[in-house]
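Written below as structure tokens is the structure these notes are about.
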Amino acid sequence: MQKDPNKGYIALLGWSLNAIEAAENFDRRYIVVAPDWAEEYCQKHDIPYVPWNFERLNDRSIEIAETLKEKGVDVAIPLYEETVEWAGAINSVLLDNPRIYGQSLLLRDKALMKRRAQLGGIRVGIFEEAHDKDDVVRFLKRVNQTLLKLDGDPNDPIHLKAFDKAGCLGHRVIRTPDEVDTIPDEEFPVLMESHLDGWEFAVEAWIHDGKIAFLNISEYVTLGYSVFVPASPELEKYREQITAQIEKLIKAFDIEFGLIHPEYFVTSDGEMYFGEVAYRPPGFKVFELLERVYGFNAYQASMLVFDPKSTKEEVAAFFPKEVVDADGFAGCFGVYPRRRVVSRLEIPEETEDHPYFESHELTSPVEETVTKRTAFGTHWGLVYFKGEDAHTLRDLLKRQEDLDFYV
């Protein structure tokens with residue numbers, strides 16, 4: 001697409017072919033900042049590119065901000081969790097606003113994030129940092145003492161999460177002191193949280209000039225396995241309350257622009273509890289699901305709200321109306337082999353024959369032995385569905401958990 005020199009020049013931090021394709025078909029100039037291994041691909045396909053190693057923090061780390069500034073780049077967009085801090089550091093230089101870097105640290109460190117939310121009057125569960133296994137045992141006991149558990153009562157679980165990893169990575173559920181022994185020492189320090197009983201869901205909110213431009217509610221069927229958009233009518237009825245919570249979050253974290261991806265719990269009495277917030281695209285291809293039902297490209301949406309040269313009118317014209325403009329419901333299921341030894345990929349007939357089934361991105365197994373799943377583990381690929389009815393889709397996604405895709 002023809003690039004408009006009067007609009008923002010955008011740096012994409014990290015590697016995502018879908019984001020690059022979206023940038024190619026958008027009217028903004030762009031450049032990809034990715035590790036060395038991307039260079040050959042970028043040269044071959046004429047993709048504007050700057051090499052950078054996001055894993056190395058050293059005295060030269062300011063160079064990338066200066067390089068991008070010299071090129072005339074206006075803003076940097078993080079594509080995954082590990083580039084959020086880099087985007088904050090770069091944007092504090094490009095936009096001449098040192099506070100942006102401090103804000104990115106809050107959006108990376110889950111313990112700092114919870115404290116900031118608490119200071120903003122947002123409901124969170126009980127949480128603490130753990131530096132070793134003894135800290136975990138103490139926290140487990142304290143939480144259950146607080147809940148007035150008696151000897152012999154089953155413990156309420158606690159959750160352990162890595163400070164700065166995306167999604168379910170490093171997430172463990174601990175119920176007994178014995179389970180604490182299974183945690184490798186190298187996983188510490190971690191964040192510990194009390195268990196929140198409730199309906200967990202996620203939000204994708206595009207923010208421009210400190211205001212919500214578009215708010216999607218993503219409904220988890222089973223966390224770590226399946227999600228669909230827009231949410232079912234039962235969850236959408238909380239939209240007003242959820243919007244108020246996101247506005248609180250924007251204020252608490254001082255967010256002026258960009259995309260946020262928070263997770264919440266709604267309890268049976270309708271109370272909202274904050275889980276965490278990410279400043280990057282969600283996992284499980286939610287951006288692609290949104291395009292499937294709404295028709296707009298969510299990566300382009302992010303470029304639009306990050307760009308300091310975007311106008312309010314342009315932003316308003318870009319987004320459809322939430323829920324009412326959606327063409328049905330789209331969801332996906334993350335497949336994990338249920339057997340210890342597998343030899344081939346075999347899509348279940350009942351999945352393939354279902355009218356809601358669209359496609360999959362599963363590949364044949366490389367090894368026969370399935371590695372034991374630690375914590376939530378990583379799925380082997382996604383299966384996509386789309387249909388008219390939220391409840392049919394929800395039941396269908398749930399049903400996939402009982403089927404074998406690898407035999």
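By convention in this document, the chains of the structure tokens carry letters A, B, ... by their order, each chain's residues are numbered from 1, and ligands are numbered from 1 in the order they are shown.
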Considering only C-alpha atoms, return as a list in words whatever protein or nucleic-acid residues lie within 12 Å of Glu234 of chain A, sequence-local ones (same chain, fewer than 5 positions apart) excluded.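 Listed by chain and then number, they are Trp199, Ile217, Glu219, Arg239, Val266, Gly270, Ala390 and His391 of chain A.
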Those same residues, written as a JSON list (two decimals), in the first residue's frame with N, CA and C atoms?
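Okay, part-v2.json is ready:
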[["chain", "number", "residue", "atom", "x", "y", "z"],
["A", 199, "TRP", "N", -15.33, -16.25, 37.24],
["A", 199, "TRP", "CA", -15.30, -16.45, 35.81],
["A", 199, "TRP", "C", -14.15, -15.61, 35.26],
["A", 217, "ILE", "N", -14.23, -8.17, 24.65],
["A", 217, "ILE", "CA", -14.16, -9.11, 25.77],
["A", 217, "ILE", "C", -13.95, -10.50, 25.18],
["A", 219, "GLU", "N", -13.72, -14.49, 25.79],
["A", 219, "GLU", "CA", -14.20, -15.46, 26.77],
["A", 219, "GLU", "C", -13.35, -16.73, 26.74],
["A", 239, "ARG", "N", -20.55, -5.76, 30.34],
["A", 239, "ARG", "CA", -19.73, -4.82, 29.56],
["A", 239, "ARG", "C", -19.59, -3.45, 30.23],
["A", 266, "VAL", "N", -14.74, -12.30, 37.37],
["A", 266, "VAL", "CA", -16.00, -11.78, 37.91],
["A", 266, "VAL", "C", -16.56, -12.87, 38.82],
["A", 270, "GLY", "N", -20.97, -10.72, 41.16],
["A", 270, "GLY", "CA", -20.78, -9.62, 40.21],
["A", 270, "GLY", "C", -19.61, -8.70, 40.52],
["A", 390, "ALA", "N", -23.05, -18.56, 20.29],
["A", 390, "ALA", "CA", -21.97, -18.57, 21.28],
["A", 390, "ALA", "C", -21.97, -19.87, 22.10],
["A", 391, "HIS", "N", -23.16, -20.37, 22.44],
["A", 391, "HIS", "CA", -23.24, -21.55, 23.30],
["A", 391, "HIS", "C", -22.80, -22.82, 22.56]]
Rows by chain and residue number, segment 225-303 of chain A within 9 Å of segment 64-87 of chain A, shortest pair, only C-alpha atoms, as a Markdown table:
| residue | atom | partner | partner_atom | distance |
| --- | --- | --- | --- | --- |
| A:Gly258 | CA | A:Ile77 | CA | 8.3 |
| A:Ala278 | CA | A:Glu81 | CA | 7.6 |
| A:Tyr279 | CA | A:Val84 | CA | 6.6 |
| A:Arg280 | CA | A:Leu79 | CA | 5.7 |
| A:Pro281 | CA | A:Leu79 | CA | 6.2 |
| A:Pro282 | CA | A:Tyr80 | CA | 8.4 |
| A:Gly283 | CA | A:Tyr80 | CA | 8.9 |
| A:Ser302 | CA | A:Ile77 | CA | 8.0 |
| A:Met303 | CA | A:Ile77 | CA | 7.4 |
Print the selection's residues with all heavy atoms to a file, as a PDB file, in the first residue's frame.
ATOM      1  N   GLY A 258      -2.175   3.135  22.932  1.00  0.00           N
ATOM      2  CA  GLY A 258      -1.710   1.763  22.759  1.00  0.00           C
ATOM      3  C   GLY A 258      -2.788   0.729  23.003  1.00  0.00           C
ATOM      4  O   GLY A 258      -3.972   1.043  23.128  1.00  0.00           O
ATOM      5  N   ALA A 278      -1.340  -6.808  30.279  1.00  0.00           N
ATOM      6  CA  ALA A 278      -0.192  -6.844  29.369  1.00  0.00           C
ATOM      7  C   ALA A 278      -0.318  -5.678  28.384  1.00  0.00           C
ATOM      8  O   ALA A 278      -1.419  -5.232  28.072  1.00  0.00           O
ATOM      9  CB  ALA A 278      -0.165  -8.164  28.615  1.00  0.00           C
ATOM     10  N   TYR A 279       0.840  -5.205  27.914  1.00  0.00           N
ATOM     11  CA  TYR A 279       0.859  -4.073  26.974  1.00  0.00           C
ATOM     12  C   TYR A 279       1.356  -4.582  25.621  1.00  0.00           C
ATOM     13  O   TYR A 279       2.326  -4.116  25.070  1.00  0.00           O
ATOM     14  CB  TYR A 279       1.794  -2.988  27.530  1.00  0.00           C
ATOM     15  CG  TYR A 279       1.633  -1.614  26.906  1.00  0.00           C
ATOM     16  CD1 TYR A 279       0.425  -0.922  27.012  1.00  0.00           C
ATOM     17  CD2 TYR A 279       2.682  -0.986  26.242  1.00  0.00           C
ATOM     18  CE1 TYR A 279       0.285   0.346  26.454  1.00  0.00           C
ATOM     19  CE2 TYR A 279       2.550   0.270  25.692  1.00  0.00           C
ATOM     20  CZ  TYR A 279       1.347   0.928  25.797  1.00  0.00           C
ATOM     21  OH  TYR A 279       1.198   2.195  25.251  1.00  0.00           O
ATOM     22  N   ARG A 280       0.676  -5.603  25.119  1.00  0.00           N
ATOM     23  CA  ARG A 280       1.090  -6.263  23.860  1.00  0.00           C
ATOM     24  C   ARG A 280      -0.078  -7.105  23.359  1.00  0.00           C
ATOM     25  O   ARG A 280      -1.038  -7.332  24.099  1.00  0.00           O
ATOM     26  CB  ARG A 280       2.302  -7.166  24.116  1.00  0.00           C
ATOM     27  CG  ARG A 280       2.140  -8.030  25.356  1.00  0.00           C
ATOM     28  CD  ARG A 280       2.485  -9.460  25.204  1.00  0.00           C
ATOM     29  NE  ARG A 280       2.262 -10.196  26.447  1.00  0.00           N
ATOM     30  CZ  ARG A 280       1.207 -10.944  26.693  1.00  0.00           C
ATOM     31  NH1 ARG A 280       0.260 -11.078  25.796  1.00  0.00           N
ATOM     32  NH2 ARG A 280       1.069 -11.589  27.841  1.00  0.00           N
ATOM     33  N   PRO A 281       0.004  -7.600  22.105  1.00  0.00           N
ATOM     34  CA  PRO A 281      -1.085  -8.449  21.595  1.00  0.00           C
ATOM     35  C   PRO A 281      -1.275  -9.701  22.449  1.00  0.00           C
ATOM     36  O   PRO A 281      -0.307 -10.208  23.021  1.00  0.00           O
ATOM     37  CB  PRO A 281      -0.595  -8.833  20.189  1.00  0.00           C
ATOM     38  CG  PRO A 281       0.377  -7.765  19.810  1.00  0.00           C
ATOM     39  CD  PRO A 281       1.030  -7.339  21.083  1.00  0.00           C
ATOM     40  N   PRO A 282      -2.514 -10.178  22.543  1.00  0.00           N
ATOM     41  CA  PRO A 282      -2.781 -11.389  23.325  1.00  0.00           C
ATOM     42  C   PRO A 282      -2.285 -12.632  22.595  1.00  0.00           C
ATOM     43  O   PRO A 282      -2.018 -12.603  21.396  1.00  0.00           O
ATOM     44  CB  PRO A 282      -4.309 -11.404  23.417  1.00  0.00           C
ATOM     45  CG  PRO A 282      -4.761 -10.658  22.208  1.00  0.00           C
ATOM     46  CD  PRO A 282      -3.725  -9.622  21.929  1.00  0.00           C
ATOM     47  N   GLY A 283      -2.192 -13.737  23.331  1.00  0.00           N
ATOM     48  CA  GLY A 283      -1.839 -15.014  22.709  1.00  0.00           C
ATOM     49  C   GLY A 283      -3.073 -15.640  22.085  1.00  0.00           C
ATOM     50  O   GLY A 283      -4.125 -15.013  21.954  1.00  0.00           O
ATOM     51  N   SER A 302      -3.585  -1.391  16.282  1.00  0.00           N
ATOM     52  CA  SER A 302      -2.539  -1.032  17.246  1.00  0.00           C
ATOM     53  C   SER A 302      -1.621   0.053  16.675  1.00  0.00           C
ATOM     54  O   SER A 302      -1.264   1.007  17.367  1.00  0.00           O
ATOM     55  CB  SER A 302      -1.718  -2.262  17.629  1.00  0.00           C
ATOM     56  OG  SER A 302      -2.554  -3.203  18.272  1.00  0.00           O
ATOM     57  N   MET A 303      -1.263  -0.085  15.400  1.00  0.00           N
ATOM     58  CA  MET A 303      -0.414   0.931  14.760  1.00  0.00           C
ATOM     59  C   MET A 303      -1.113   2.293  14.786  1.00  0.00           C
ATOM     60  O   MET A 303      -0.489   3.326  14.997  1.00  0.00           O
ATOM     61  CB  MET A 303      -0.096   0.528  13.321  1.00  0.00           C
ATOM     62  CG  MET A 303       0.776  -0.714  13.236  1.00  0.00           C
ATOM     63  SD  MET A 303       0.957  -1.293  11.531  1.00  0.00           S
ATOM     64  CE  MET A 303       1.087  -3.055  11.788  1.00  0.00           C
TER      65      MET A 303
END
Please report, as number ranges by chain, each residue of segment 230-388 of chain A to which DSSP assigns alpha helix (DSSP H) when run on this structure's backbone. A: 233-236, 239-252, 286-294, 298-306, 312-318, 349-352
Hey, can you check how far atom CA of Gln145 of chain A sits from atom CA of Glu276 of chain A?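 So the two atoms, atom CA of Gln145 of chain A and atom CA of Glu276 of chain A, lie 25.1 Å apart.
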Expressed in Å, the length from atom CA of Ile207 of chain A to atom CA of Gly224 of chain A is 26.3 Å
Close residues, segment 152-158 of chain A itself excluded, 9 Å, only C-alpha atoms, min 2 positions apart in chain, as a list in words: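 Residues near the query, excluding close chain neighbours: Val136, Phe139, Leu140, Lys141, Val143, Asn144, Leu147, Lys149, Leu150, Leu160, Arg172, Val173, Ile174, Arg175, Thr176, Met192, Glu193, Ser194 and His195 of chain A.
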Counting only C-alpha atoms, the residue of A:Asn18, A:Leu362, A:Glu350, A:Glu24 that sits nearest Lys3 of chain A: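 Smallest distance to Lys3 of chain A is found for A:Glu24.
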Out of A:Ile242, A:Pro320, A:Ala252, A:Ser232, which residue has the shortest atom-to-atom distance to Asp389 of chain A when counting only C-alpha atoms?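 Nearest to Asp389 of chain A: A:Ser232.
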Residues near Lys7 of chain A, anyone? I mean within 8 Å using only C-alpha atoms, not counting same-chain ones fewer than 6 positions away, as a ChimeraX atom specification. /A:27-29,307,309-310
Quick one: residues within 9 Å of Thr363 of chain A, only C-alpha atoms, excluding same-chain residues fewer than 3 positions away - as a compact mmCIF listing (two decimals) with N, CA and C atoms, in the first residue's frame?
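Saved as out_6.txt:
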# COMPACT_ATOMS: atom_id res chain seq x y z
N LEU A 345 -0.59 -37.36 13.19
CA LEU A 345 -1.66 -36.39 13.39
C LEU A 345 -2.92 -36.94 12.75
N VAL A 366 7.10 -34.50 15.39
CA VAL A 366 8.51 -34.67 15.03
C VAL A 366 9.09 -35.83 15.83
N TRP A 380 0.46 -27.56 20.86
CA TRP A 380 1.16 -27.97 19.64
C TRP A 380 0.59 -27.29 18.40
N GLY A 381 -0.42 -26.48 18.55
CA GLY A 381 -1.03 -25.81 17.39
C GLY A 381 -2.49 -25.54 17.67
Tell me, in Å to one decimal, how far atom CA of Val50 of chain A is from atom CA of Leu13 of chain A.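 Computed distance, atom CA of Val50 of chain A to atom CA of Leu13 of chain A, equals 9.8 Å.
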